[in-house]
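This report refers to the structure that appears directly beneath it.
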Amino acid sequence: MIYLKSWGACWLVLLLLSAGCASTRSVAPTASTNTSKKDQVVTISTPQGDIRLILFDQTPRHKANFLKLAKKGFYNGTTFHRVIPDFMIQGGDPNSKDDNPNNDGAGQRNEKMIPAEIRPELHHRYGAVAAARTGDAVNPRRASSASQFYIVENRQGVPRLDGAYTVFGQVISGMDVVEKIAAVPKDIRDRPLTDVKMKMKVEKLSKQKIAEQYNYQY
């Protein structure tokens with residue numbers, strides 16, 4: 001196994017690419033247990049354009065945490081601090097708001113992690129949204145970072161990450177934007193040379209409208 005580590009940090013995403021097949025159609029992994037007729041769409045606005053996400057009911061702790069942070073503006077001004085073409089883009093570290101690029105990805109000291117919600121039906125397919133975490137040596141229970149996340153940019157998915165990290169959402173619009181971000185010029189640490197800052201908003205919509213507008217199947 002090959003590990004890639006954020007510069008000066010230990011929030012990891014395994015770089016284990018393998019062949020596979022990933023549909024570009026947005027489909028819920030299983031039938032939702034939530035009987036509500038509405039859901040919440042997260043829009044991540046960047047200089048490259050907008051990315052829209054749906055978060056899974058099967059990972060309630062991660063969904064609630066992400067929505068809470070997005071709604072209170074926590075992510076506004078953070079960056080996608082690590083980008084690797086044909087793999088993923090990673091962001092959400094509050095350190096990326098400051099003027100020191102060397103601490104991006106390190107996370108905050110004594111950060112409270114989220115217990116893993118690794119589900120066998122949730123896969124690292126194209127556009128999957130998953131939580132970054134520290135390595136197994138110091139984190140054998142595979143608990144997630146309280147804020148850092150990544151989006152799978154490899155069109156074949158990254159199936160060998162399945163079972164190791166919590167997948168908790170799916171991009172339903174804007175994968176072209178994810179690909180643009182993955183392709184920006186970067187340094188040897190995979191950090192973009194120009195900050196890719198984000199701003200988030202959350203909108204509650206009917207599931208019918210989401211299904212029709214974004215071709216997402218509940």
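Each chain of the structure tokens is named A, B, ... in the order shown, its residues numbered from 1; ligands are numbered from 1 in display order.
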
For stretch 162-165 of chain A: contacts at 8 Å, only C-alpha atoms, fewer than 4 positions along chain excluded, given as a compact mmCIF listing (two decimals) with all heavy atoms, in the first residue's frame:
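Output saved as selection18.txt:
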# COMPACT_ATOMS: atom_id res chain seq x y z
N ALA A 116 -16.09 6.38 12.71
CA ALA A 116 -16.24 5.87 11.35
C ALA A 116 -17.67 5.38 11.10
O ALA A 116 -18.30 4.82 11.99
CB ALA A 116 -15.25 4.74 11.10
N ILE A 118 -18.31 3.46 8.07
CA ILE A 118 -17.93 2.77 6.84
C ILE A 118 -18.98 1.72 6.51
O ILE A 118 -19.19 0.78 7.26
CB ILE A 118 -16.53 2.14 6.97
CG1 ILE A 118 -15.49 3.23 7.22
CG2 ILE A 118 -16.18 1.33 5.73
CD1 ILE A 118 -14.11 2.72 7.59
N ARG A 119 -19.65 1.91 5.39
CA ARG A 119 -20.75 1.03 4.99
C ARG A 119 -20.38 0.27 3.73
O ARG A 119 -19.84 0.86 2.77
CB ARG A 119 -22.02 1.86 4.74
CG ARG A 119 -22.52 2.64 5.94
CD ARG A 119 -23.10 1.68 6.99
NE ARG A 119 -24.24 0.95 6.47
CZ ARG A 119 -25.51 1.33 6.65
NH1 ARG A 119 -25.79 2.41 7.35
NH2 ARG A 119 -26.50 0.61 6.15
N PRO A 120 -20.66 -1.03 3.67
CA PRO A 120 -20.26 -1.84 2.52
C PRO A 120 -20.92 -1.44 1.21
O PRO A 120 -20.39 -1.72 0.14
CB PRO A 120 -20.66 -3.26 2.93
CG PRO A 120 -21.73 -3.08 3.96
CD PRO A 120 -21.35 -1.84 4.70
N LEU A 122 -21.46 1.67 0.26
CA LEU A 122 -21.00 3.00 -0.15
C LEU A 122 -19.58 2.90 -0.70
O LEU A 122 -18.66 2.52 0.03
CB LEU A 122 -21.06 3.97 1.03
CG LEU A 122 -22.44 4.14 1.69
CD1 LEU A 122 -22.35 5.11 2.87
CD2 LEU A 122 -23.47 4.61 0.68
N HIS A 123 -19.41 3.25 -1.95
CA HIS A 123 -18.15 3.00 -2.64
C HIS A 123 -17.46 4.28 -3.10
O HIS A 123 -18.10 5.32 -3.26
CB HIS A 123 -18.39 2.10 -3.85
CG HIS A 123 -19.02 0.78 -3.51
ND1 HIS A 123 -18.33 -0.24 -2.90
CD2 HIS A 123 -20.30 0.33 -3.68
CE1 HIS A 123 -19.14 -1.28 -2.72
NE2 HIS A 123 -20.35 -0.94 -3.17
N HIS A 124 -16.15 4.18 -3.30
CA HIS A 124 -15.36 5.29 -3.83
C HIS A 124 -15.50 5.35 -5.34
O HIS A 124 -14.56 5.15 -6.10
CB HIS A 124 -13.89 5.12 -3.43
CG HIS A 124 -13.59 5.48 -2.02
ND1 HIS A 124 -13.87 4.65 -0.97
CD2 HIS A 124 -13.04 6.61 -1.48
CE1 HIS A 124 -13.49 5.24 0.17
NE2 HIS A 124 -12.99 6.43 -0.13
N ALA A 130 -15.90 11.74 0.58
CA ALA A 130 -15.47 10.93 1.71
C ALA A 130 -14.67 11.76 2.69
O ALA A 130 -14.19 12.85 2.36
CB ALA A 130 -14.66 9.73 1.22
N ALA A 131 -14.51 11.23 3.90
CA ALA A 131 -13.81 11.94 4.96
C ALA A 131 -12.35 11.53 5.03
O ALA A 131 -12.02 10.34 5.00
CB ALA A 131 -14.49 11.67 6.30
N ALA A 132 -11.46 12.53 5.12
CA ALA A 132 -10.04 12.26 5.34
C ALA A 132 -9.86 11.80 6.79
O ALA A 132 -10.72 12.05 7.65
CB ALA A 132 -9.22 13.50 5.06
N ARG A 133 -8.74 11.16 7.07
CA ARG A 133 -8.46 10.71 8.43
C ARG A 133 -6.97 10.45 8.59
O ARG A 133 -6.22 10.38 7.62
CB ARG A 133 -9.24 9.44 8.76
CG ARG A 133 -8.82 8.22 7.94
CD ARG A 133 -9.53 6.97 8.44
NE ARG A 133 -9.18 5.78 7.68
CZ ARG A 133 -8.11 5.02 7.91
NH1 ARG A 133 -7.27 5.35 8.88
NH2 ARG A 133 -7.87 3.94 7.18
N ARG A 142 -10.29 4.08 12.57
CA ARG A 142 -10.54 4.78 11.32
C ARG A 142 -11.54 5.92 11.46
O ARG A 142 -12.37 6.16 10.57
CB ARG A 142 -10.95 3.79 10.23
CG ARG A 142 -9.84 2.81 9.92
CD ARG A 142 -10.23 1.74 8.93
NE ARG A 142 -9.02 0.99 8.50
CZ ARG A 142 -9.04 -0.08 7.71
NH1 ARG A 142 -10.20 -0.54 7.25
NH2 ARG A 142 -7.93 -0.69 7.39
N SER A 144 -12.91 9.71 11.47
CA SER A 144 -12.73 10.73 10.43
C SER A 144 -12.34 12.09 11.00
O SER A 144 -12.66 12.42 12.14
CB SER A 144 -14.03 10.90 9.64
OG SER A 144 -14.44 9.69 9.05
N VAL A 158 -12.05 4.64 -7.10
CA VAL A 158 -10.86 4.13 -6.39
C VAL A 158 -11.34 3.03 -5.44
O VAL A 158 -11.40 3.19 -4.22
CB VAL A 158 -10.15 5.25 -5.59
CG1 VAL A 158 -8.78 4.77 -5.11
CG2 VAL A 158 -9.98 6.50 -6.45

Near A:Ile54, counting only C-alpha atoms, which residues have an atom at most 6 Å away, once you skip same-chain residues fewer than 2 positions from it, shown as a PyMOL selection string?
chain A and resi 41+169-170

Residues within 6 Å of A:Met198, please, as number ranges by chain. Count only C-alpha atoms; anything in the same chain fewer than 6 positions from it doesn't count.
A: 45-46, 76-79

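Closest approach to A:Phe74 among A:Asn110, A:Thr134, A:Ser147, A:Asn215: A:Ser147, based on only C-alpha atoms.
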
Nearest candidate to A:Lys63 (options A:Ile151, A:Pro185, A:Glu121, A:Val167; using only C-alpha atoms)
A:Val167

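The interatomic distance for the pair atom CA of A:Lys112 and atom CA of A:Lys199 works out to 22.9 Å.
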
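Of the residues in stretch 3-217 of chain A, those given alpha helix (DSSP H) by DSSP on the backbone are Pro60, Arg61, His62, Lys63, Ala64, Asn65, Phe66, Leu67, Lys68, Leu69, Ala70, Lys71, Met175, Asp176, Val177, Val178, Glu179, Lys180, Ile181, Ala182, Lys207, Gln208, Lys209, Ile210, Ala211, Glu212, Gln213 and Tyr214 of chain A.
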
Kindly export the residues of the current selection with C-alpha atoms, as a PDB file, in the first residue's frame.
ATOM      1  CA  PRO A  60     -25.986  10.200   9.820  1.00  0.00           C
ATOM      2  CA  ARG A  61     -23.103  11.496  11.958  1.00  0.00           C
ATOM      3  CA  HIS A  62     -21.063  12.620   8.967  1.00  0.00           C
ATOM      4  CA  LYS A  63     -24.105  14.093   7.241  1.00  0.00           C
ATOM      5  CA  ALA A  64     -25.189  16.076  10.312  1.00  0.00           C
ATOM      6  CA  ASN A  65     -21.656  17.306  10.996  1.00  0.00           C
ATOM      7  CA  PHE A  66     -21.021  18.431   7.416  1.00  0.00           C
ATOM      8  CA  LEU A  67     -24.361  20.215   7.156  1.00  0.00           C
ATOM      9  CA  LYS A  68     -23.799  21.941  10.500  1.00  0.00           C
ATOM     10  CA  LEU A  69     -20.379  23.243   9.430  1.00  0.00           C
ATOM     11  CA  ALA A  70     -21.613  24.284   5.989  1.00  0.00           C
ATOM     12  CA  LYS A  71     -24.624  26.152   7.375  1.00  0.00           C
ATOM     13  CA  MET A 175     -17.796  17.052 -11.802  1.00  0.00           C
ATOM     14  CA  ASP A 176     -16.372  19.144 -14.632  1.00  0.00           C
ATOM     15  CA  VAL A 177     -15.448  21.674 -11.929  1.00  0.00           C
ATOM     16  CA  VAL A 178     -13.819  18.938  -9.812  1.00  0.00           C
ATOM     17  CA  GLU A 179     -11.739  17.960 -12.840  1.00  0.00           C
ATOM     18  CA  LYS A 180     -10.694  21.578 -13.433  1.00  0.00           C
ATOM     19  CA  ILE A 181      -9.574  21.869  -9.806  1.00  0.00           C
ATOM     20  CA  ALA A 182      -7.640  18.592 -10.021  1.00  0.00           C
ATOM     21  CA  LYS A 207     -36.524  14.997  -3.590  1.00  0.00           C
ATOM     22  CA  GLN A 208     -38.609  15.063  -6.736  1.00  0.00           C
ATOM     23  CA  LYS A 209     -36.985  18.331  -7.835  1.00  0.00           C
ATOM     24  CA  ILE A 210     -33.508  17.001  -7.022  1.00  0.00           C
ATOM     25  CA  ALA A 211     -34.216  13.839  -9.001  1.00  0.00           C
ATOM     26  CA  GLU A 212     -35.483  15.782 -12.008  1.00  0.00           C
ATOM     27  CA  GLN A 213     -32.926  18.592 -11.972  1.00  0.00           C
ATOM     28  CA  TYR A 214     -29.813  16.534 -11.246  1.00  0.00           C
TER      29      TYR A 214
END

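Taking atom CA of A:Asn102 and atom CA of A:Asp86 as endpoints, the distance between them is 24.0 Å.
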
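The spacing separating atom CA of A:Thr194 from atom CA of A:Gln48 amounts to 11.8 Å.
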
Of the listed residues A:Asp136, A:Asp195, A:Glu203, A:Asp187, that which approaches A:Ile44 most closely, counting only C-alpha atoms
A:Glu203
